[in-house]
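Coordinates as given in structure29.pdb (PDB, C-alpha atoms):
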```pdb
MODEL        1
ATOM      1  CA  MET A   1      20.591  -5.381  34.480
ATOM      2  CA  GLY A   2      23.230  -6.242  31.904
ATOM      3  CA  MET A   3      22.405  -9.939  32.156
ATOM      4  CA  LEU A   4      18.799  -9.345  31.171
ATOM      5  CA  ILE A   5      19.494  -7.515  27.914
ATOM      6  CA  SER A   6      19.041 -10.214  25.277
ATOM      7  CA  ASN A   7      21.402  -9.018  22.531
ATOM      8  CA  GLU A   8      22.495  -6.036  20.477
ATOM      9  CA  PRO A   9      19.835  -4.314  18.353
ATOM     10  CA  ASP A  10      20.153  -5.491  14.787
ATOM     11  CA  PHE A  11      18.172  -4.067  11.899
ATOM     12  CA  MET A  12      20.798  -3.571   9.212
ATOM     13  CA  ILE A  13      21.220  -5.365   5.892
ATOM     14  CA  HIS A  14      24.027  -7.928   6.199
ATOM     15  CA  ASP A  15      26.440  -9.246   3.604
ATOM     16  CA  VAL A  16      26.338 -13.002   3.308
ATOM     17  CA  LEU A  17      28.737 -13.465   0.421
ATOM     18  CA  HIS A  18      31.234 -11.146  -1.234
ATOM     19  CA  TYR A  19      32.179 -11.673  -4.865
ATOM     20  CA  GLN A  20      33.599  -9.751  -7.789
ATOM     21  CA  LEU A  21      32.064  -9.389 -11.224
ATOM     22  CA  PHE A  22      33.560  -7.259 -14.036
ATOM     23  CA  GLY A  23      35.834  -5.613 -11.488
ATOM     24  CA  GLN A  24      32.945  -4.529  -9.253
ATOM     25  CA  ASP A  25      32.621  -5.424  -5.588
ATOM     26  CA  LEU A  26      29.253  -7.102  -5.230
ATOM     27  CA  TYR A  27      27.532  -8.533  -2.199
ATOM     28  CA  LEU A  28      24.938 -11.205  -1.660
ATOM     29  CA  THR A  29      22.811  -9.599   1.034
ATOM     30  CA  THR A  30      20.036 -10.746   3.322
ATOM     31  CA  THR A  31      17.651  -8.861   1.019
ATOM     32  CA  THR A  32      18.562 -11.105  -1.912
ATOM     33  CA  ILE A  33      18.103 -14.266   0.113
ATOM     34  CA  GLY A  34      14.786 -13.020   1.485
ATOM     35  CA  MET A  35      13.625 -12.352  -2.072
ATOM     36  CA  TRP A  36      14.654 -15.864  -3.140
ATOM     37  CA  ILE A  37      12.659 -17.375  -0.295
ATOM     38  CA  ILE A  38       9.629 -15.239  -1.149
ATOM     39  CA  THR A  39       9.927 -16.059  -4.849
ATOM     40  CA  ILE A  40       9.982 -19.764  -4.031
ATOM     41  CA  ILE A  41       6.932 -19.399  -1.772
ATOM     42  CA  ILE A  42       5.010 -17.482  -4.464
ATOM     43  CA  LEU A  43       6.051 -20.015  -7.128
ATOM     44  CA  LEU A  44       4.868 -22.947  -5.010
ATOM     45  CA  LEU A  45       1.597 -21.143  -4.327
ATOM     46  CA  ALA A  46       1.151 -20.423  -8.041
ATOM     47  CA  ILE A  47       1.792 -24.047  -9.042
ATOM     48  CA  LEU A  48      -0.597 -25.264  -6.367
ATOM     49  CA  ALA A  49      -3.188 -22.680  -7.441
ATOM     50  CA  SER A  50      -3.050 -23.544 -11.139
ATOM     51  CA  ARG A  51      -3.384 -27.246 -10.260
ATOM     52  CA  THR A  52      -6.411 -26.509  -8.122
ATOM     53  CA  MET A  53      -8.047 -24.300 -10.721
ATOM     54  CA  LYS A  54      -7.511 -26.843 -13.533
ATOM     55  CA  LYS A  55      -9.829 -29.279 -11.841
ATOM     56  CA  ALA A  56     -12.050 -26.569 -10.376
ATOM     57  CA  SER A  57     -15.424 -27.803  -9.206
ATOM     58  CA  ASP A  58     -18.799 -26.102  -9.013
ATOM     59  CA  VAL A  59     -18.749 -26.516  -5.260
ATOM     60  CA  PRO A  60     -15.389 -24.930  -4.362
ATOM     61  CA  GLY A  61     -13.158 -26.305  -1.660
ATOM     62  CA  VAL A  62     -11.420 -24.074   0.865
ATOM     63  CA  PHE A  63      -8.319 -23.341  -1.248
ATOM     64  CA  GLN A  64     -10.294 -22.709  -4.427
ATOM     65  CA  ASN A  65     -12.573 -20.391  -2.486
ATOM     66  CA  VAL A  66      -9.623 -18.371  -1.193
ATOM     67  CA  LEU A  67      -8.116 -18.146  -4.691
ATOM     68  CA  GLU A  68     -11.366 -16.978  -6.243
ATOM     69  CA  TYR A  69     -11.869 -14.427  -3.496
ATOM     70  CA  ALA A  70      -8.322 -13.083  -3.921
ATOM     71  CA  TYR A  71      -8.668 -12.820  -7.684
ATOM     72  CA  GLU A  72     -12.044 -11.096  -7.440
ATOM     73  CA  MET A  73     -10.608  -8.630  -4.937
ATOM     74  CA  LEU A  74      -7.669  -7.776  -7.208
ATOM     75  CA  ASP A  75      -9.963  -7.489 -10.213
ATOM     76  CA  LYS A  76     -12.342  -5.175  -8.348
ATOM     77  CA  MET A  77      -9.456  -3.032  -7.117
ATOM     78  CA  ALA A  78      -8.098  -2.598 -10.658
ATOM     79  CA  ALA A  79     -11.533  -1.995 -12.183
ATOM     80  CA  GLY A  80     -12.335   0.626  -9.541
ATOM     81  CA  ILE A  81      -9.517   2.891 -10.760
ATOM     82  CA  LEU A  82      -8.772   1.890 -14.331
ATOM     83  CA  GLY A  83     -12.332   1.087 -15.410
ATOM     84  CA  GLY A  84     -12.355  -0.361 -18.934
ATOM     85  CA  TYR A  85      -8.558  -0.555 -19.191
ATOM     86  CA  SER A  86      -8.238  -2.800 -16.152
ATOM     87  CA  LYS A  87      -7.983  -6.010 -18.220
ATOM     88  CA  ARG A  88      -4.673  -4.816 -19.671
ATOM     89  CA  PHE A  89      -3.030  -4.041 -16.352
ATOM     90  CA  VAL A  90      -4.530  -6.473 -13.876
ATOM     91  CA  ASN A  91      -1.736  -8.987 -14.545
ATOM     92  CA  TYR A  92       1.040  -6.558 -13.688
ATOM     93  CA  ILE A  93      -0.824  -5.022 -10.759
ATOM     94  CA  GLY A  94      -1.629  -8.479  -9.388
ATOM     95  CA  THR A  95       2.000  -9.559  -9.685
ATOM     96  CA  ILE A  96       3.482  -6.594  -7.851
ATOM     97  CA  PHE A  97       0.634  -6.760  -5.328
ATOM     98  CA  LEU A  98       1.489 -10.360  -4.443
ATOM     99  CA  PHE A  99       5.233  -9.702  -4.426
ATOM    100  CA  ILE A 100       5.057  -6.612  -2.206
ATOM    101  CA  LEU A 101       2.498  -8.229   0.087
ATOM    102  CA  PHE A 102       4.637 -11.315   0.662
ATOM    103  CA  CYS A 103       7.747  -9.165   1.089
ATOM    104  CA  ASN A 104       6.008  -6.995   3.683
ATOM    105  CA  LEU A 105       4.639  -9.979   5.574
ATOM    106  CA  SER A 106       7.998 -11.788   5.553
ATOM    107  CA  GLY A 107       8.873 -10.056   8.828
ATOM    108  CA  LEU A 108       6.542 -12.594  10.416
ATOM    109  CA  LEU A 109       8.845 -15.389   9.214
ATOM    110  CA  GLY A 110      11.833 -13.772  10.891
ATOM    111  CA  LEU A 111      13.297 -12.435   7.652
ATOM    112  CA  ARG A 112      14.349  -8.852   7.213
ATOM    113  CA  ALA A 113      11.642  -7.552   4.878
ATOM    114  CA  PRO A 114      13.191  -7.139   1.385
ATOM    115  CA  THR A 115      11.048  -4.052   0.794
ATOM    116  CA  ALA A 116      12.943  -2.352   3.638
ATOM    117  CA  ASP A 117      15.845  -2.055   1.179
ATOM    118  CA  PHE A 118      15.783   0.993  -1.059
ATOM    119  CA  GLY A 119      17.325  -1.022  -3.901
ATOM    120  CA  VAL A 120      14.164  -3.105  -4.146
ATOM    121  CA  THR A 121      11.571  -0.366  -3.776
ATOM    122  CA  PHE A 122      13.380   2.021  -6.116
ATOM    123  CA  LEU A 123      13.264  -0.628  -8.826
ATOM    124  CA  LEU A 124       9.535  -1.087  -8.240
ATOM    125  CA  GLY A 125       9.131   2.685  -8.472
ATOM    126  CA  MET A 126      11.082   2.742 -11.745
ATOM    127  CA  PHE A 127       8.803   0.019 -13.162
ATOM    128  CA  THR A 128       5.867   2.301 -12.431
ATOM    129  CA  PHE A 129       7.692   5.264 -13.971
ATOM    130  CA  PHE A 130       8.455   3.439 -17.220
ATOM    131  CA  ILE A 131       4.966   1.974 -17.558
ATOM    132  CA  VAL A 132       3.372   5.369 -16.936
ATOM    133  CA  ASN A 133       5.558   7.131 -19.487
ATOM    134  CA  TYR A 134       5.225   4.344 -22.052
ATOM    135  CA  GLN A 135       1.453   4.536 -21.781
ATOM    136  CA  GLY A 136       1.611   8.331 -21.929
ATOM    137  CA  ILE A 137       3.650   8.357 -25.151
ATOM    138  CA  LYS A 138       1.570   5.552 -26.658
ATOM    139  CA  ASN A 139      -1.821   7.082 -25.904
ATOM    140  CA  ARG A 140      -1.176  10.819 -26.050
ATOM    141  CA  LYS A 141       1.734  11.006 -28.527
ATOM    142  CA  VAL A 142       3.128  14.570 -28.580
ATOM    143  CA  ARG A 143       0.601  15.802 -26.048
ATOM    144  CA  HIS A 144       2.471  13.750 -23.431
ATOM    145  CA  PHE A 145       5.310  16.266 -23.679
ATOM    146  CA  THR A 146       3.327  19.411 -24.478
ATOM    147  CA  SER A 147       1.138  18.849 -21.424
ATOM    148  CA  LEU A 148       4.211  19.727 -19.350
ATOM    149  CA  PHE A 149       3.827  23.309 -20.633
ATOM    150  CA  GLU A 150       0.212  23.609 -19.494
ATOM    151  CA  PRO A 151      -1.384  25.797 -18.288
ATOM    152  CA  THR A 152       1.505  28.261 -18.848
ATOM    153  CA  PRO A 153       5.063  27.557 -20.049
ATOM    154  CA  ILE A 154       6.446  29.162 -16.881
ATOM    155  CA  LEU A 155       5.241  26.127 -14.933
ATOM    156  CA  PHE A 156       7.419  23.746 -16.977
ATOM    157  CA  PRO A 157      10.106  23.188 -14.291
ATOM    158  CA  ILE A 158       7.486  22.498 -11.633
ATOM    159  CA  ASN A 159       5.598  20.082 -13.902
ATOM    160  CA  LEU A 160       8.837  18.314 -14.789
ATOM    161  CA  ILE A 161       9.841  17.934 -11.150
ATOM    162  CA  GLY A 162       6.325  16.727 -10.366
ATOM    163  CA  GLU A 163       6.654  13.999 -13.010
ATOM    164  CA  LEU A 164      10.151  12.949 -11.945
ATOM    165  CA  ALA A 165       9.264  12.927  -8.236
ATOM    166  CA  ASN A 166       6.529  10.322  -8.685
ATOM    167  CA  PRO A 167       8.716   7.180  -8.751
ATOM    168  CA  LEU A 168      10.907   8.569  -5.982
ATOM    169  CA  SER A 169       7.975   9.379  -3.735
ATOM    170  CA  ILE A 170       6.161   6.046  -4.100
ATOM    171  CA  SER A 171       9.361   4.055  -3.628
ATOM    172  CA  LEU A 172      10.446   6.143  -0.627
ATOM    173  CA  ARG A 173       6.988   5.774   0.932
ATOM    174  CA  LEU A 174       7.085   1.975   0.760
ATOM    175  CA  PHE A 175      10.737   1.858   1.870
ATOM    176  CA  ALA A 176      10.407   4.220   4.823
ATOM    177  CA  ASN A 177       7.238   2.605   6.158
ATOM    178  CA  LEU A 178       8.789  -0.863   6.118
ATOM    179  CA  LEU A 179      12.121   0.424   7.434
ATOM    180  CA  SER A 180      10.438   2.092  10.410
ATOM    181  CA  GLY A 181       8.694  -1.209  11.175
ATOM    182  CA  VAL A 182      11.961  -3.145  10.900
ATOM    183  CA  ILE A 183      13.765  -0.651  13.164
ATOM    184  CA  ILE A 184      11.034  -0.739  15.813
ATOM    185  CA  MET A 185      11.037  -4.544  15.826
ATOM    186  CA  GLY A 186      14.848  -4.679  15.879
ATOM    187  CA  LEU A 187      15.026  -2.226  18.777
ATOM    188  CA  TRP A 188      12.386  -4.113  20.736
ATOM    189  CA  TYR A 189      14.060  -7.490  20.280
ATOM    190  CA  GLY A 190      17.513  -6.040  20.889
ATOM    191  CA  MET A 191      17.059  -3.572  23.735
ATOM    192  CA  MET A 192      14.301  -4.985  25.911
ATOM    193  CA  PRO A 193      14.878  -7.455  28.745
ATOM    194  CA  ILE A 194      14.171 -11.041  27.731
ATOM    195  CA  LEU A 195      10.970 -11.184  29.774
ATOM    196  CA  LEU A 196       9.372  -8.494  27.580
ATOM    197  CA  ASP A 197      10.124 -10.550  24.449
ATOM    198  CA  ILE A 198       7.250 -12.894  25.280
ATOM    199  CA  GLY A 199       3.831 -11.983  23.929
ATOM    200  CA  ILE A 200       4.252  -8.237  23.527
ATOM    201  CA  PRO A 201       6.100  -8.394  20.151
ATOM    202  CA  ALA A 202       3.038 -10.129  18.700
ATOM    203  CA  ALA A 203       1.045  -6.898  19.037
ATOM    204  CA  LEU A 204       3.901  -4.926  17.463
ATOM    205  CA  HIS A 205       4.120  -7.433  14.606
ATOM    206  CA  ILE A 206       0.397  -7.027  13.976
ATOM    207  CA  TYR A 207       0.833  -3.281  13.586
ATOM    208  CA  CYS A 208       4.278  -2.972  11.965
ATOM    209  CA  ASP A 209       4.152  -5.972   9.639
ATOM    210  CA  VAL A 210       0.545  -6.925   8.988
ATOM    211  CA  PHE A 211      -1.366  -3.637   9.190
ATOM    212  CA  SER A 212       1.288  -1.288   7.843
ATOM    213  CA  GLY A 213       2.436  -3.838   5.256
ATOM    214  CA  CYS A 214      -1.038  -4.454   3.848
ATOM    215  CA  ILE A 215      -1.880  -0.743   3.725
ATOM    216  CA  GLN A 216       1.372   0.111   1.960
ATOM    217  CA  THR A 217       0.892  -2.711  -0.568
ATOM    218  CA  TYR A 218      -2.581  -1.409  -1.319
ATOM    219  CA  VAL A 219      -1.344   2.167  -1.584
ATOM    220  CA  PHE A 220       1.550   1.279  -3.908
ATOM    221  CA  CYS A 221      -0.722  -0.590  -6.326
ATOM    222  CA  MET A 222      -3.425   2.070  -6.045
ATOM    223  CA  LEU A 223      -1.028   4.929  -6.827
ATOM    224  CA  THR A 224       0.515   3.010  -9.731
ATOM    225  CA  MET A 225      -2.966   2.610 -11.202
ATOM    226  CA  VAL A 226      -3.860   6.251 -10.555
ATOM    227  CA  TYR A 227      -0.693   7.406 -12.361
ATOM    228  CA  ILE A 228      -1.421   5.054 -15.275
ATOM    229  CA  ASN A 229      -5.033   6.212 -15.447
ATOM    230  CA  ASP A 230      -3.899   9.837 -15.716
ATOM    231  CA  LYS A 231      -2.068   9.012 -18.953
ATOM    232  CA  MET A 232      -4.791   6.942 -20.586
ATOM    233  CA  GLU A 233      -6.893   9.606 -22.290
TER
ATOM    234  CA  MET B   1      35.238  21.516  24.535
ATOM    235  CA  ASN B   2      38.482  19.887  25.663
ATOM    236  CA  GLY B   3      38.674  16.168  24.910
ATOM    237  CA  ILE B   4      36.022  16.175  22.204
ATOM    238  CA  SER B   5      37.412  15.348  18.785
ATOM    239  CA  GLY B   6      36.002  16.849  15.614
ATOM    240  CA  GLN B   7      34.578  13.451  14.674
ATOM    241  CA  ASP B   8      32.658  13.144  17.940
ATOM    242  CA  PHE B   9      31.366  16.679  17.582
ATOM    243  CA  ILE B  10      30.006  15.866  14.123
ATOM    244  CA  PHE B  11      28.338  12.687  15.453
ATOM    245  CA  GLY B  12      26.694  14.687  18.243
ATOM    246  CA  CYS B  13      25.481  17.370  15.860
ATOM    247  CA  SER B  14      24.187  14.654  13.491
ATOM    248  CA  ALA B  15      22.169  13.156  16.348
ATOM    249  CA  ILE B  16      20.692  16.560  17.182
ATOM    250  CA  GLY B  17      19.911  17.084  13.502
ATOM    251  CA  ALA B  18      18.200  13.696  13.328
ATOM    252  CA  GLY B  19      16.019  14.648  16.282
ATOM    253  CA  LEU B  20      15.167  17.980  14.658
ATOM    254  CA  ALA B  21      14.355  16.242  11.364
ATOM    255  CA  MET B  22      11.699  14.167  13.109
ATOM    256  CA  ILE B  23       9.753  17.374  13.888
ATOM    257  CA  ALA B  24       8.441  16.673  10.372
ATOM    258  CA  GLY B  25       6.220  14.077  12.073
ATOM    259  CA  ILE B  26       3.879  16.808  13.337
ATOM    260  CA  GLY B  27       2.463  17.692   9.925
ATOM    261  CA  PRO B  28       1.377  14.214   8.785
ATOM    262  CA  GLY B  29      -0.095  13.567  12.241
ATOM    263  CA  VAL B  30      -2.346  16.611  11.984
ATOM    264  CA  GLY B  31      -3.175  15.884   8.352
ATOM    265  CA  GLN B  32      -4.045  12.243   8.943
ATOM    266  CA  GLY B  33      -6.177  13.202  11.914
ATOM    267  CA  ILE B  34      -8.144  15.686   9.832
ATOM    268  CA  ALA B  35      -8.595  13.088   7.070
ATOM    269  CA  ALA B  36      -9.778  10.467   9.570
ATOM    270  CA  GLY B  37     -12.202  12.928  11.168
ATOM    271  CA  HIS B  38     -13.748  13.865   7.835
ATOM    272  CA  GLY B  39     -13.863  10.185   6.895
ATOM    273  CA  ALA B  40     -15.749   9.407  10.099
ATOM    274  CA  SER B  41     -18.276  12.174   9.500
ATOM    275  CA  ALA B  42     -18.710  11.032   5.885
ATOM    276  CA  VAL B  43     -19.474   7.492   7.056
ATOM    277  CA  GLY B  44     -21.930   8.962   9.557
ATOM    278  CA  ARG B  45     -23.737  10.811   6.793
ATOM    279  CA  ASN B  46     -23.692   7.960   4.288
ATOM    280  CA  PRO B  47     -23.067   4.569   5.931
ATOM    281  CA  GLY B  48     -23.693   2.760   2.634
ATOM    282  CA  ALA B  49     -20.513   4.142   1.052
ATOM    283  CA  ARG B  50     -18.343   2.958   3.918
ATOM    284  CA  SER B  51     -15.855   0.870   1.880
ATOM    285  CA  ASP B  52     -15.329   3.567  -0.759
ATOM    286  CA  ILE B  53     -14.802   6.228   1.908
ATOM    287  CA  THR B  54     -12.379   4.028   3.829
ATOM    288  CA  SER B  55     -10.215   3.261   0.787
ATOM    289  CA  THR B  56     -10.147   6.905  -0.307
ATOM    290  CA  MET B  57      -9.265   7.988   3.243
ATOM    291  CA  LEU B  58      -6.446   5.450   3.532
ATOM    292  CA  LEU B  59      -5.032   6.471   0.148
ATOM    293  CA  GLY B  60      -5.082  10.154   1.111
ATOM    294  CA  GLN B  61      -3.546   9.441   4.481
ATOM    295  CA  ALA B  62      -0.756   7.391   2.937
ATOM    296  CA  VAL B  63       0.050  10.226   0.536
ATOM    297  CA  ALA B  64      -0.033  12.770   3.368
ATOM    298  CA  GLU B  65       2.335  10.557   5.331
ATOM    299  CA  THR B  66       5.067  10.988   2.716
ATOM    300  CA  THR B  67       6.488  14.253   4.060
ATOM    301  CA  GLY B  68       6.880  12.734   7.504
ATOM    302  CA  LEU B  69       8.640   9.755   5.976
ATOM    303  CA  TYR B  70      11.049  12.093   4.184
ATOM    304  CA  GLY B  71      11.918  13.436   7.625
ATOM    305  CA  LEU B  72      12.436   9.865   8.845
ATOM    306  CA  VAL B  73      14.725   9.084   5.899
ATOM    307  CA  VAL B  74      16.795  12.210   6.589
ATOM    308  CA  ALA B  75      17.038  11.275  10.278
ATOM    309  CA  ILE B  76      18.107   7.711   9.478
ATOM    310  CA  ILE B  77      20.704   8.902   6.963
ATOM    311  CA  LEU B  78      22.116  11.306   9.569
ATOM    312  CA  MET B  79      22.227   8.585  12.221
ATOM    313  CA  PHE B  80      23.552   5.583  10.287
ATOM    314  CA  VAL B  81      25.107   6.705   6.998
ATOM    315  CA  LYS B  82      27.043   9.587   8.625
ATOM    316  CA  PRO B  83      27.343  11.719   5.465
ATOM    317  CA  PHE B  84      29.345  14.563   7.093
ATOM    318  CA  THR B  85      32.335  12.512   8.167
ATOM    319  CA  ALA B  86      34.981  12.344   5.494
TER
ENDMDL
END
```
Please lay out the structure from this file as structure tokens.
Amino acid sequence: MGMLISNEPDFMIHDVLHYQLFGQDLYLTTTTIGMWIITIIILLLAILASRTMKKASDVPGVFQNVLEYAYEMLDKMAAGILGGYSKRFVNYIGTIFLFILFCNLSGLLGLRAPTADFGVTFLLGMFTFFIVNYQGIKNRKVRHFTSLFEPTPILFPINLIGELANPLSISLRLFANLLSGVIIMGLWYGMMPILLDIGIPAALHIYCDVFSGCIQTYVFCMLTMVYINDKME
Amino acid sequence: MNGISGQDFIFGCSAIGAGLAMIAGIGPGVGQGIAAGHGASAVGRNPGARSDITSTMLLGQAVAETTGLYGLVVAIILMFVKPFTA
């Protein structure tokens, strides 16, 4: 039986390069390289898209059609939650939507999904946190802080924890979903006999990478918009 | 207990703890099932609002899933980070 086991299960983040900066031990990990690859892919897509849209025709070609459909979908998603404010946030929401979507789908390319690293998702969660609080202070001034004491001052600690838990919960949700997918795929490729590596992983990839990844992208953007919308009036 | 070092004992207990932490998976399973059932009956009553109902249901399910994922994170930390070994 030992001959048939393909290799050891492997779903950890690996160090590619070790260097020192300002006396700190820093590592270039597989996450960083995955993010570079995804950034390059998104950049190429963006350049191609802007070229296509500059000479856009009344009768759209295939690529122009896909671009218009994607933009309309993003616009509709933002307008559904944010309503009249959606014009101000659709750029940011669209950017993180594309980034998280490509990160989640990168498991199909054989990369370890960068969003399965808490360093990445926590930063995305902190972006949400800062945008939400900036909008809260900008739109509600002092009421942003006094609303923590509503309905009674006794509830202040619970309200405060509720506010602070938001970035943690959305980042942990994205991270844990992707991590569970990465672990399942790593275990399957590592533990199963080689014969079972043909065909069956495709079904697992459909669920763990495509389905779960798309849902979590949607949920992350949706929740970011819901939190922002709470602070708008 | 002869032949088992303190380190091994902690690893074993961590594995048991990780298994116990995954009991947290029960709650989200029940909650998501209830949400999906109500979503299905809502679509049955009003098939025109299918896309709205589906997106609301998925959002609610993803939020309900969070507690189970906390359990998963605790289990993974116990298994791979080994916080109780000095």
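Here atom CA of B:Ala42 stands at a distance of 22.5 Å from atom CA of A:Lys76.
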### Task
Give me the residues within 12 Å of A:Ile41 as a ChimeraX atom specification, counting only C-alpha atoms and dropping any in the same chain fewer than 4 places off.
/A:34-37,45-48,98-99,102-103,106,109
### Task
Kindly indicate which residue among A:Ile170, A:Met225, A:Ile42, A:Ile200 lies nearest to B:Val63, using only C-alpha atoms for the distances.
A:Ile170
Which polymer residues have any atom within 8 Å of an atom of stretch 207-218 of chain A, counting all atoms listed in the file, with same-chain residues fewer than 2 positions away left out, as a PDB file with C-alpha atoms, keeping the file's coordinate frame?
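So the final result, stored in part24.pdb, reads:
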```pdb
ATOM      1  CA  PHE A  97       0.634  -6.760  -5.328  1.00  0.00           C
ATOM      2  CA  ILE A 100       5.057  -6.612  -2.206  1.00  0.00           C
ATOM      3  CA  LEU A 101       2.498  -8.229   0.087  1.00  0.00           C
ATOM      4  CA  ASN A 104       6.008  -6.995   3.683  1.00  0.00           C
ATOM      5  CA  LEU A 105       4.639  -9.979   5.574  1.00  0.00           C
ATOM      6  CA  GLY A 107       8.873 -10.056   8.828  1.00  0.00           C
ATOM      7  CA  LEU A 108       6.542 -12.594  10.416  1.00  0.00           C
ATOM      8  CA  LEU A 174       7.085   1.975   0.760  1.00  0.00           C
ATOM      9  CA  ASN A 177       7.238   2.605   6.158  1.00  0.00           C
ATOM     10  CA  LEU A 178       8.789  -0.863   6.118  1.00  0.00           C
ATOM     11  CA  GLY A 181       8.694  -1.209  11.175  1.00  0.00           C
ATOM     12  CA  VAL A 182      11.961  -3.145  10.900  1.00  0.00           C
ATOM     13  CA  MET A 185      11.037  -4.544  15.826  1.00  0.00           C
ATOM     14  CA  ALA A 203       1.045  -6.898  19.037  1.00  0.00           C
ATOM     15  CA  LEU A 204       3.901  -4.926  17.463  1.00  0.00           C
ATOM     16  CA  HIS A 205       4.120  -7.433  14.606  1.00  0.00           C
ATOM     17  CA  PHE A 220       1.550   1.279  -3.908  1.00  0.00           C
ATOM     18  CA  CYS A 221      -0.722  -0.590  -6.326  1.00  0.00           C
ATOM     19  CA  MET A 222      -3.425   2.070  -6.045  1.00  0.00           C
TER      20      MET A 222
ATOM     21  CA  LEU B  58      -6.446   5.450   3.532  1.00  0.00           C
ATOM     22  CA  ALA B  62      -0.756   7.391   2.937  1.00  0.00           C
TER      23      ALA B  62
END
```
### Message
Selection in question (the file shown): the ChimeraX specification (/B :<6) & /A. Which residues does it include, as a list in words?
### Response
Arg173, Ala176 and Val219 of chain A
If you apply the PyMOL selection byres ((chain A and resi 15) around 8) to this file, what residues do you get, as a compact mmCIF listing (two decimals) with C-alpha atoms, keeping the file's coordinate frame?
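Final file, out15.txt:
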```
# COMPACT_ATOMS: atom_id res chain seq x y z
CA ILE A 13 21.22 -5.36 5.89
CA HIS A 14 24.03 -7.93 6.20
CA VAL A 16 26.34 -13.00 3.31
CA LEU A 17 28.74 -13.46 0.42
CA HIS A 18 31.23 -11.15 -1.23
CA TYR A 27 27.53 -8.53 -2.20
CA LEU A 28 24.94 -11.20 -1.66
CA THR A 29 22.81 -9.60 1.03
CA THR A 30 20.04 -10.75 3.32
```
### Task
Would you kindly translate the PyMOL selection byres ((chain B and resi 29-39) around 7) into the concrete residues it picks from this file, as a ChimeraX atom specification?
/B:25-28,40-43,53,57,61,64
### Query
How many Å lie between atom CA of B:Ile16 and atom CA of B:Met79, rounded to one decimal?
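Going from atom CA of B:Ile16 over to atom CA of B:Met79, I get 9.5 Å.
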### Task
State, in Å with one decimal place, the distance from atom CA of B:Asn2 to atom CA of B:Ala18.
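Calculated distance between atom CA of B:Asn2 and atom CA of B:Ala18 is 24.5 Å.
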May I have the centre and edge lengths, in Å to one decimal, of an axis-aligned box around the listed atoms of stretch 140-159 of chain A with 8 Å added to every side, as JSON?
```
{"center_x": 4.4, "center_y": 20.0, "center_z": -20.1, "size_x": 27.5, "size_y": 34.3, "size_z": 32.9}
```
### Task
Find the residues around A:Tyr71 up to 12 Å (all atoms listed in the file counted), leave out those fewer than 4 positions away in its own chain, and share them as an MDAnalysis selection string.
chainID A and resid 49 53 64:67 75:78 90:91 93:95 97:98
### Message
Need the shell around A:Leu148: protein/DNA/RNA residues with any atom at most 7 Å away, counting all atoms listed in the file. Skip same-chain ones fewer than 2 positions apart. Format as a list of chain:residue names?
### Response
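So the residues in contact are A:Phe145, A:Thr146, A:Glu150, A:Phe156, A:Asn159, A:Leu160.
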